[in-house]
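Beneath this line is the structure, given in structure tokens, with notes to follow.
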Amino acid sequence: MKYPLISVTIAFALGILSLDIVQVDFGYLSILIFLFLGMAVLLHHLRPDFVYIPVLAASFFLGTIRIDLASEKLPLPLFNDYFIRGIEIHGRVSSFELPVRGALSFSVELDSVTSSGETFLSGKKILVSLYEDSGEIYNDLQKIAPGFRVSLLGNYYRLRSEANPYAFDEESYYQKQGFSGRFRITKPDSSTLLSGSGFVYERFVHNFRRSADSSLRSLFSQELYALLRGLLLADRGEVDLQTRKEFSQAGVIHVLAVSGLHMSFIAFLFSLLLTRLGRLKRDIGTIIGILLFLALTGFVTTATRAGIMIILFLTGRILQKDPYPVHTVFVAAFLILLWNPFEIYTAGFQLSFSAVIGILLFMKPLEESFRIYKVTFPFLKASFELMLVSVSALLGIFPFLLFHFGNISLISPVSNLLVIPLTGLIIAGGLASSFLSFFFSGVALNAASVTEVLYELLTGTVSFFASAGFLIWKIEKISIPILIAMCFLAGLIYHWLVTEDFSKGVRMVLAGLTLTVIFVISQMSGSIFEKGKMDVLFFDVGQGDAILVSTPGGEKWLIDGGVLNSFSNAGTHRIIPFLERTKIGKIDYALVSHYDTDHFGGIAVLLKESIIRTIILPPKEPGYGADDALEKLALLRGVNIISAKDTAIHSGGGVFYLLTPSGGQSEGEKKSNERSISLKLVYGKTAFLFTGDAPDKTEENLINKFGAFLDSDVLKAGHHGSKSSTGEKLLKRVSPEVVVFSSGLGNGYNHPAKEVILRSVAEGANVARTDFEGALLFTSDGLTVTKRLWK
């Protein structure tokens, strides 16, 4: 084989992916590898043409061993409990992230932990966070660096898997980075900070990044600073959600993550600056420049992948070997997977390498198919070539884009024509301004002003292309077999482009037909909701309520919308991303149970985004303000308003009964809670009952008013499981099979109360909790209700 590492890398990767299939003891696998390597040595002398067979077999089992060893090293949780209040941790800071909107985040390698008066030693690593605080200790915490010794008081949170469908899986992500849990500082004034030694490399990188961040912040506007922090420091935490959304819709979201594009810019800049030194010194200098830039990014994985590929390519030139680009890509992949085999499961790894492979494989056939070589005008030729680069990358990555994110912007080949050059100029402007600020402040400010103009051009261009929303190919989810089929069909397109068995016209038709087949297959994607059934999804929105109902007829109801405050935005961060992924354009009915921000907050966000068609509002509360604000917002967006009263709404095959309370107000209970609108959903012989934050007094009124009609299969516990709600009388009257508690992990109210859980169990109900389990999905076929696992 001319390039054996390509086949070796593929075999190694397949070995990693086959861990669950190859259940063989580590010792036996090691013996197999040595046997195959020995066989390879023999065949090298006897039958060289067959030597690759045992080599590939050894590579396969080496991949299995590597992932097995890595899996054994995954850390266990610090505690088995999901949440523990008031523990004290002692240890050394091993890394410190740049602050994001005032919030601090750093990792601590623990020496010991004190919980419930008992102290035990621990060598685990934990992720520590603190929201912005006005105290002096907050300012001190901002100044710490790797190596500092700390003693901190706060709460422990066990890492959780996806809180909601298609959401971030923090357990998988952070566990593979070596973390055993999260810790939130609750009493910063009780923290002890001592400067320490060690972590020399980490401290150098931290100080380097902090200095660069300070320089960028002082030179540029907040918006451009946020962008440059993402482009140069690989930290886009300051980039607002609207900007990210527009970049995604325009098909240029990749420029916000430091990857191959940025590393190519950096390599080009260093190569340009060092041109006069000769090729050898220029290549060596470019490698050093790339390593310095990687340090600036904190050696973020996406940048490191691309950096390795470029360094390998330049090293080949230095050694006077003509590096084959595809071979270089696979060598880089092998080195990364050997270092961290879990990378193969990440979207970043898959997209990075598939994009590069797509460019290397498809670029030349596309150029020949469209006869770009015949274009004589330089600017036009360069534009066509850049567009074909984007198309080639898209052909490489589209299966993984659809698998991980569910959408592809079809306008990206055009938008990249302008966005990529502008991004390169902004990167150059950011680097030049920061460098010049140390020597010529006036010149640096002028360079920064020019960069600001380029930024305005970039954002205007992105907004223009983002408005072409109809050019976004969307699906909800695809299975692994469909992903594999799409990869095969992408390879088939390559075959049609390069084969000489047909004329160019026939080859282009075959490639077009294959693309059509891919589109048809993508429409076979699944959905979290079952067609022809009633699905009820209890979102995990922390301390709040948000329930989405999908009817058999396709109509969508939202019962409350979660919290909206300075720390949490359920509408923007939880509900809207789910609606976009599941292609739900409109909510047909939104019910606000009462005027508490942990119930109406997300609905206010959806109203602002014109996502709601009809809103059902409870009675007004004079002097409260939220009622008038919601009504005005609904009127401004042209939303139909229904004032809640005892009535039935037939929708999508189900019947939604609005149940209003009656009676007086108990002393000490919030008026809005007592006025909570309850809703009973009936589908066939099954029923769900949602009671908002209704306290026991309101529950009694409901029992007196509606009696046996309250009987339901699933009951949403009132007021997140407060001890003053979901009383014994209601439980007996409803007789639920399941009681659902929607509350935030470690909330300050101790919801759900232990006595409410015990009451529910005593009445024969199963308990389901969003704080422990994440979002909960129930499906009714009209006869029975089933709790479905969506993870």
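Scheme for the structure tokens: letters A, B, ... for chains in order shown; per-chain residue numbers from 1; ligand numbers from 1 in order shown.
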
What's around Gln543 (chain A) at 7 Å? Count only C-alpha atoms, leave out sequence neighbours fewer than 3 positions away in its own chain, and write the answer as a PDB file with N, CA and C atoms, in the first residue's frame.
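See result21.pdb below for the written result:
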```pdb
ATOM      1  N   ASP A 598     -41.892  32.186  36.881  1.00  0.00           N
ATOM      2  CA  ASP A 598     -41.401  30.853  36.545  1.00  0.00           C
ATOM      3  C   ASP A 598     -42.436  30.047  35.755  1.00  0.00           C
ATOM      4  N   SER A 743     -39.381  20.638  38.942  1.00  0.00           N
ATOM      5  CA  SER A 743     -38.645  21.514  39.862  1.00  0.00           C
ATOM      6  C   SER A 743     -37.176  21.538  39.480  1.00  0.00           C
ATOM      7  N   GLY A 744     -36.450  22.514  40.027  1.00  0.00           N
ATOM      8  CA  GLY A 744     -35.041  22.674  39.707  1.00  0.00           C
ATOM      9  C   GLY A 744     -34.149  21.933  40.681  1.00  0.00           C
ATOM     10  N   ASN A 747     -32.954  23.491  44.232  1.00  0.00           N
ATOM     11  CA  ASN A 747     -33.623  24.779  44.404  1.00  0.00           C
ATOM     12  C   ASN A 747     -33.691  25.155  45.883  1.00  0.00           C
TER      13      ASN A 747
END
```

Dump as JSON lines the rows for residues of region 267-307 of chain A within 12 Å of region 91-111 of chain A: closest atom pair and distance in Å with one decimal, only C-alpha atoms counted, ordered by chain and rising residue number.
```
{"residue": "A:Leu296", "atom": "CA", "partner": "A:Leu98", "partner_atom": "CA", "distance": 11.9}
{"residue": "A:Thr297", "atom": "CA", "partner": "A:Glu97", "partner_atom": "CA", "distance": 11.0}
{"residue": "A:Gly298", "atom": "CA", "partner": "A:Glu97", "partner_atom": "CA", "distance": 9.4}
{"residue": "A:Val300", "atom": "CA", "partner": "A:Glu97", "partner_atom": "CA", "distance": 11.9}
```

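Taking only C-alpha atoms, the non-local environment of Ile518 (chain A) within 10 Å (same-chain residues fewer than 5 positions away omitted) comprises Pro399, Ile482, Ala485, Met486, Cys487, Phe488, Leu489, Ala490, Gly512, Leu513 and Gln523 of chain A.
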
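Listed by chain and then by rising number, the residues of region 43-93 of chain A that DSSP assigns to strand (DSSP E or B) from the backbone are Phe83, Ile84, Arg85, Gly86, Ile87, Glu88, Ile89, His90, Gly91, Arg92 and Val93 of chain A.
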
Same residues, N, CA and C atoms, output as an mmCIF file, in the first residue's frame:
```cif
data_model
loop_
_atom_site.group_PDB
_atom_site.id
_atom_site.type_symbol
_atom_site.label_atom_id
_atom_site.label_comp_id
_atom_site.auth_asym_id
_atom_site.auth_seq_id
_atom_site.Cartn_x
_atom_site.Cartn_y
_atom_site.Cartn_z
ATOM 1 N N PHE A 83 -27.623 16.065 44.195
ATOM 2 C CA PHE A 83 -27.365 17.392 44.743
ATOM 3 C C PHE A 83 -27.072 17.273 46.230
ATOM 4 N N ILE A 84 -26.041 18.011 46.663
ATOM 5 C CA ILE A 84 -25.725 18.077 48.095
ATOM 6 C C ILE A 84 -25.442 19.529 48.440
ATOM 7 N N ARG A 85 -26.136 20.027 49.421
ATOM 8 C CA ARG A 85 -26.005 21.420 49.823
ATOM 9 C C ARG A 85 -24.938 21.576 50.913
ATOM 10 N N GLY A 86 -24.195 22.671 50.836
ATOM 11 C CA GLY A 86 -23.289 23.059 51.918
ATOM 12 C C GLY A 86 -22.096 22.159 52.137
ATOM 13 N N ILE A 87 -21.325 21.883 51.078
ATOM 14 C CA ILE A 87 -20.091 21.122 51.260
ATOM 15 C C ILE A 87 -18.910 22.070 51.080
ATOM 16 N N GLU A 88 -17.765 21.668 51.594
ATOM 17 C CA GLU A 88 -16.549 22.470 51.473
ATOM 18 C C GLU A 88 -15.495 21.657 50.740
ATOM 19 N N ILE A 89 -14.891 22.272 49.728
ATOM 20 C CA ILE A 89 -13.866 21.576 48.953
ATOM 21 C C ILE A 89 -12.519 22.273 49.151
ATOM 22 N N HIS A 90 -11.443 21.488 49.104
ATOM 23 C CA HIS A 90 -10.074 21.995 49.258
ATOM 24 C C HIS A 90 -9.232 21.384 48.143
ATOM 25 N N GLY A 91 -8.458 22.216 47.467
ATOM 26 C CA GLY A 91 -7.626 21.680 46.398
ATOM 27 C C GLY A 91 -6.883 22.771 45.649
ATOM 28 N N ARG A 92 -6.370 22.403 44.471
ATOM 29 C CA ARG A 92 -5.596 23.340 43.645
ATOM 30 C C ARG A 92 -6.304 23.597 42.327
ATOM 31 N N VAL A 93 -6.292 24.842 41.906
ATOM 32 C CA VAL A 93 -6.874 25.219 40.624
ATOM 33 C C VAL A 93 -5.990 24.679 39.508
#
```

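One distance worth recording is that between CA of Leu710 (chain A) and CA of Glu763 (chain A), which is 15.4 Å.
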
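Remark: for Asp627 (chain A), the closest of the candidate residues A:Val517, A:Ala604, A:Ile144, A:Ala393 is A:Ala604 (distances computed over only C-alpha atoms).
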
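Close contacts of Lys685 (chain A), defined as residues with an atom at most 12 Å away when counting only C-alpha atoms, with chain neighbours fewer than 5 positions off set aside, comprise A:Met534, A:Gly654, A:Val655, A:Asp711, A:Ser712, A:Asp713, A:Ser780, A:Asp781, A:Gly782, A:Leu783, A:Thr784, A:Val785.
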
Open item on the list: I'd like the contact shell of Ser218 (chain A) - 12 Å cut-off, only C-alpha atoms, skipping same-chain residues fewer than 4 positions apart - returned as a PyMOL selection string.
Closed with: chain A and resi 211-214+222+224-226+430+433-434+437+441+444-445+448

TODO: Within 8 Å of Ala765 (chain A), counting only C-alpha atoms, which residues show up once you throw out same-chain ones fewer than 5 positions away? Write them as a VMD selection string, please.
DONE: chain A and resid 735 to 739 760

Can I get the selection written as a compact mmCIF listing (two decimals), in the first residue's frame, with C-alpha atoms?
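The result, stored in selection.txt:
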```txt
# COMPACT_ATOMS: atom_id res chain seq x y z
CA SER A 735 -56.16 8.68 41.67
CA PRO A 736 -53.20 9.15 39.32
CA GLU A 737 -50.92 6.41 38.10
CA VAL A 738 -48.06 8.92 37.86
CA VAL A 739 -47.34 12.18 39.69
CA SER A 760 -48.07 10.31 46.29
```

- [ ] Write out as JSON, numbers by chain the residues lying within 9 Å of region 20-23 of chain A, counting only C-alpha atoms and excluding same-chain residues fewer than 3 positions away.
- [x] {"A": [15, 17, 61, 64]}

Open item on the list: Quick check for you: according to DSSP on this backbone, which residues of region 234-390 of chain A are classed as alpha helix (DSSP H)? Reply as a PyMOL selection string.
Closed with: chain A and resi 241-249+260-273+279-296+301-318+325-339+347-369+378-390

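For the residues A:Ser651, A:Lys620, A:Glu452, A:Ile642, ranking by smallest atom-to-atom distance to Val549 (chain A) using only C-alpha atoms places A:Ser651 first.
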
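You can rank A:Arg160, A:Arg733, A:His206, A:His719 by their closest distance to His599 (chain A) using only C-alpha atoms, and at the top of that list sits A:His719.
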
Closest-contact table, region 467-499 of chain A side, partner region 237-253 of chain A, 9 Å, counting only C-alpha atoms, as JSON lines:
```
{"residue": "A:Ser467", "atom": "CA", "partner": "A:Gln249", "partner_atom": "CA", "distance": 7.8}
{"residue": "A:Ala468", "atom": "CA", "partner": "A:Ala250", "partner_atom": "CA", "distance": 7.6}
{"residue": "A:Gly469", "atom": "CA", "partner": "A:Gln249", "partner_atom": "CA", "distance": 6.6}
{"residue": "A:Leu471", "atom": "CA", "partner": "A:Gln249", "partner_atom": "CA", "distance": 8.8}
{"residue": "A:Ile472", "atom": "CA", "partner": "A:Gln249", "partner_atom": "CA", "distance": 7.2}
```

Generate a file of the selected residues that holds N, CA, C and O atoms, formatted as an mmCIF file, in the first residue's frame.
```cif
data_model
loop_
_atom_site.group_PDB
_atom_site.id
_atom_site.type_symbol
_atom_site.label_atom_id
_atom_site.label_comp_id
_atom_site.auth_asym_id
_atom_site.auth_seq_id
_atom_site.Cartn_x
_atom_site.Cartn_y
_atom_site.Cartn_z
ATOM 1 N N SER A 467 -31.529 36.072 6.245
ATOM 2 C CA SER A 467 -32.942 36.322 5.931
ATOM 3 C C SER A 467 -33.489 35.314 4.932
ATOM 4 O O SER A 467 -34.706 35.204 4.754
ATOM 5 N N ALA A 468 -32.615 34.566 4.266
ATOM 6 C CA ALA A 468 -33.053 33.540 3.301
ATOM 7 C C ALA A 468 -33.352 32.240 4.037
ATOM 8 O O ALA A 468 -32.762 31.188 3.750
ATOM 9 N N GLY A 469 -34.268 32.304 4.998
ATOM 10 C CA GLY A 469 -34.568 31.136 5.829
ATOM 11 C C GLY A 469 -35.147 29.965 5.066
ATOM 12 O O GLY A 469 -35.043 28.815 5.494
ATOM 13 N N LEU A 471 -34.036 28.665 2.546
ATOM 14 C CA LEU A 471 -32.966 27.855 1.964
ATOM 15 C C LEU A 471 -32.260 27.001 3.011
ATOM 16 O O LEU A 471 -31.106 26.654 2.855
ATOM 17 N N ILE A 472 -32.958 26.687 4.087
ATOM 18 C CA ILE A 472 -32.401 25.832 5.139
ATOM 19 C C ILE A 472 -33.063 24.455 5.051
ATOM 20 O O ILE A 472 -34.287 24.337 5.103
#
```

For the interface of region 424-514 of chain A with region 401-413 of chain A (cut-off 9 Å, counting only C-alpha atoms), please tabulate each contacting residue of region 424-514 of chain A alongside its nearest pair of atoms and their separation in Å to one decimal, rows sorted by chain and increasing number, as a tab-separated table.
```
residue	atom	partner	partner_atom	distance
A:Phe465	CA	A:Ile411	CA	7.4
A:Ala466	CA	A:Ile411	CA	8.9
A:Ala468	CA	A:Ile411	CA	7.8
A:Gly469	CA	A:Ser409	CA	8.3
A:Leu471	CA	A:Leu410	CA	5.4
A:Ile472	CA	A:Ser409	CA	4.4
A:Trp473	CA	A:Ile408	CA	5.0
A:Lys474	CA	A:Asn407	CA	4.3
A:Ile475	CA	A:Gly406	CA	5.0
A:Glu476	CA	A:Gly406	CA	5.4
A:Lys477	CA	A:Gly406	CA	6.1
A:Ile478	CA	A:Phe403	CA	5.7
A:Ser479	CA	A:Phe403	CA	7.7
A:Ile480	CA	A:Phe403	CA	8.3
A:Leu483	CA	A:Phe403	CA	6.9
```

Pull the closest atom pair for each residue of region 116-185 of chain A that gets at most 12 Å from region 341-346 of chain A, along with the distance in Å to one decimal, counting only C-alpha atoms, ordering rows by chain and then ascending residue number, as a tab-separated table.
```
residue	atom	partner	partner_atom	distance
A:Phe168	CA	A:Thr346	CA	12.0
A:Asp169	CA	A:Thr346	CA	11.3
A:Ser172	CA	A:Phe342	CA	9.9
A:Tyr173	CA	A:Thr346	CA	9.0
A:Tyr174	CA	A:Phe342	CA	11.8
A:Gln175	CA	A:Phe342	CA	10.8
A:Lys176	CA	A:Phe342	CA	7.3
A:Gln177	CA	A:Phe342	CA	9.8
A:Gly178	CA	A:Phe342	CA	11.9
```

Go ahead and dump the residues you just picked, N, CA and C atoms, as a JSON list (two decimals), in the first residue's frame.
```
[["chain", "number", "residue", "atom", "x", "y", "z"],
["A", 168, "PHE", "N", -27.70, 19.85, 25.23],
["A", 168, "PHE", "CA", -26.30, 19.54, 25.54],
["A", 168, "PHE", "C", -26.23, 18.44, 26.59],
["A", 169, "ASP", "N", -25.37, 17.45, 26.35],
["A", 169, "ASP", "CA", -25.17, 16.34, 27.28],
["A", 169, "ASP", "C", -23.94, 16.64, 28.14],
["A", 172, "SER", "N", -21.76, 13.45, 29.47],
["A", 172, "SER", "CA", -20.83, 12.87, 28.50],
["A", 172, "SER", "C", -19.65, 13.80, 28.24],
["A", 173, "TYR", "N", -19.94, 15.09, 28.08],
["A", 173, "TYR", "CA", -18.89, 16.06, 27.73],
["A", 173, "TYR", "C", -17.88, 16.23, 28.86],
["A", 174, "TYR", "N", -18.36, 16.51, 30.05],
["A", 174, "TYR", "CA", -17.44, 16.82, 31.15],
["A", 174, "TYR", "C", -16.79, 15.58, 31.75],
["A", 175, "GLN", "N", -17.50, 14.46, 31.74],
["A", 175, "GLN", "CA", -16.89, 13.24, 32.27],
["A", 175, "GLN", "C", -15.68, 12.84, 31.44],
["A", 176, "LYS", "N", -15.79, 13.02, 30.12],
["A", 176, "LYS", "CA", -14.67, 12.66, 29.24],
["A", 176, "LYS", "C", -13.52, 13.66, 29.33],
["A", 177, "GLN", "N", -13.76, 14.79, 30.00],
["A", 177, "GLN", "CA", -12.69, 15.72, 30.30],
["A", 177, "GLN", "C", -12.12, 15.50, 31.70],
["A", 178, "GLY", "N", -12.63, 14.46, 32.38],
["A", 178, "GLY", "CA", -12.08, 14.09, 33.68],
["A", 178, "GLY", "C", -12.77, 14.68, 34.88]]
```
